[in-house]
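Worksheet: the structure to be examined is printed underneath.
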Amino acid sequence: MTVHSGTGVRVIGLISGTSIDGIDVAAAELRADGDTVVLSPLGQLEVPYPETLRDALLAALPPNPCDAEQLTKLDTLVGQAFAEAAARGVEELAGGEADVVASLGQTVFHWVEDGTARGTLQLGNPAWIAERTGLPVVADLRVRDVAAGGHGAPLASTMDALWLREMAALGPVAALNIGGIANITVVPADGAVLAYDTGPGNALMDIAAHRATGRRADIDGALALRGTVRPDLLAKLLLDQYYAAAPPKSTGKELFHGAYLDAALDGLPPVGAEDLLATLTELTAVTIAAECRRHDIATLIVSGGGADNPALMAALTRNLPGAALKTSDDHGLPRAGKEAYLTILLGWLTWSGIPGNLPSATGARGHRLLGSITPGAGPLRLPAPHSSTVTRLRVAAKTGER
């Protein structure tokens, strides 16, 4: 494998989100310019999971049982899938030249008790990536923050705080990512940045759509757009204590799963598929909008799969009449690839000796270097730690995209 020898560091980023559709891959070159990180995107692609692997991952999620044998096999199979995705990223996006791979893996369990994160598990052993690409791999990026008393999420707060700081001078701005779970980063004009999971993004909608159509999601929000919100179901769902909990907080599919939806429907008059999707879409929009109003958000920048759902975006617009809704594409980061570019930034920070968490957002006791590094084919040679504080992120014009 040819190693990039330019002035910046060329990084491949890998993540599979809570929707478990596949692996998002991105490539970028990063360099420090004083207190600013300059990120030059090289492109992104999505590598779908093999159907059998996706089914096995979904079957391993709570409340389903999962044993050590199953977890070991999944850790290996996900690692091998990530390894192939990384190799594609190097060749197809980075022209065959990269310095390091960063991987956020596949989250399968996020352990939260009484509002405190106790642990988190991401599958996809980085040794497979290092063996396949010959490159060092920065991985396991969440758990150090958890060990320091934080939630290990949402780590998007690190990117958003750097990226949106100048825009916040015009009024409070928030970045919203809608995957299986929705998370928000609030960047005020001054003061501490906040970030937390607002609740379900696509998680419950995807379950309902799959039950009704056999498809993974409500494509183009078609079912929701034909349905009517059921006030009785919506009111019952909104009683969940998660919404009233103060940040920092985080959640996942260990809470918002099929049995959770069944419990909400229990005891109510029958709810048709279209009305169910309309109600679940409204739930996601209402809970996000409530947090935006709490922080007087003037501009909301949306990314993730939910940004492609017209029904959800219309519901957000309706519930946030005073805010300007944009997508991350409007500011240089493709909404489908933003989390992969986040992974790239986190990997670069660790590689450069710079802490990658934001304690005001995650709740950690302080700033921490994140992750572990698996050596590649040769000796591990880290650059000298970056000597100045990083306070800004500038996204340069894309030099290529797939």
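For the structure tokens, the naming scheme is as follows: chains receive sequential letters (A, B, ...) according to their order of presentation, residues are indexed from 1 within each chain, and ligands are indexed from 1 in presentation order.
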
Quiz prompt | Polymer residues at most 10 Å from Pro375 of chain A, only C-alpha atoms, same-chain spacing of 4 or more positions, as a ChimeraX atom specification | solution = /A:100,126-127,130-131,134-138,379-381

Self-check item: Close residues, Ser157 of chain A itself excluded, 8 Å, only C-alpha atoms, min 2 positions apart in chain, as number ranges by chain
Solution: A: 154-155, 159-161, 185, 193-195, 357-358, 361

Practice problem: Looking only at strand (DSSP E) from DSSP on the backbone, list the matching residues of segment 276-359 of chain A as a PyMOL selection string. | Solution: chain A and resi 299-303+324-327

Based on the selection just made, write N, CA, C and O atoms of those residues as a CSV table (one decimal), in the first residue's frame.
```csv
chain,number,residue,atom,x,y,z
A,299,THR,N,-30.9,28.6,13.4
A,299,THR,CA,-30.6,27.8,12.2
A,299,THR,C,-30.4,26.4,12.6
A,299,THR,O,-29.6,26.1,13.5
A,300,LEU,N,-31.0,25.5,11.9
A,300,LEU,CA,-30.9,24.0,12.1
A,300,LEU,C,-30.3,23.4,10.9
A,300,LEU,O,-30.9,23.5,9.8
A,301,ILE,N,-29.2,22.7,11.0
A,301,ILE,CA,-28.5,22.1,9.9
A,301,ILE,C,-28.6,20.6,10.0
A,301,ILE,O,-28.1,20.0,11.0
A,302,VAL,N,-29.3,20.0,9.1
A,302,VAL,CA,-29.7,18.6,9.2
A,302,VAL,C,-28.8,17.7,8.3
A,302,VAL,O,-28.5,18.1,7.2
A,303,SER,N,-28.5,16.5,8.9
A,303,SER,CA,-27.8,15.5,8.1
A,303,SER,C,-28.3,14.2,8.5
A,303,SER,O,-29.2,14.0,9.3
A,324,ALA,N,-34.6,28.5,10.5
A,324,ALA,CA,-34.2,28.3,9.1
A,324,ALA,C,-33.6,26.8,9.1
A,324,ALA,O,-32.7,26.5,9.8
A,325,LEU,N,-34.2,26.0,8.3
A,325,LEU,CA,-33.8,24.6,8.1
A,325,LEU,C,-32.9,24.5,6.9
A,325,LEU,O,-33.3,24.9,5.8
A,326,LYS,N,-31.7,24.0,7.1
A,326,LYS,CA,-30.7,23.7,6.0
A,326,LYS,C,-30.2,22.3,6.1
A,326,LYS,O,-30.5,21.6,7.1
A,327,THR,N,-29.5,21.9,5.1
A,327,THR,CA,-28.8,20.6,5.3
A,327,THR,C,-27.3,20.8,5.3
A,327,THR,O,-26.8,21.9,4.9
```

Exercise. Check the smallest atom-to-atom distance from each of A:Arg118, A:Arg132, A:His386, A:His331 to Val101 of chain A using only C-alpha atoms, then report the winner.
Key: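 For Val101 of chain A, the nearest of the candidates is A:Arg132.
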
Exercise. Kindly give the distance, in Å, that separates atom CA of Arg392 of chain A and atom CA of Val37 of chain A, rounded to a single decimal.
Key: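 One can read the atom CA of Arg392 of chain A to atom CA of Val37 of chain A distance as 6.2 Å.
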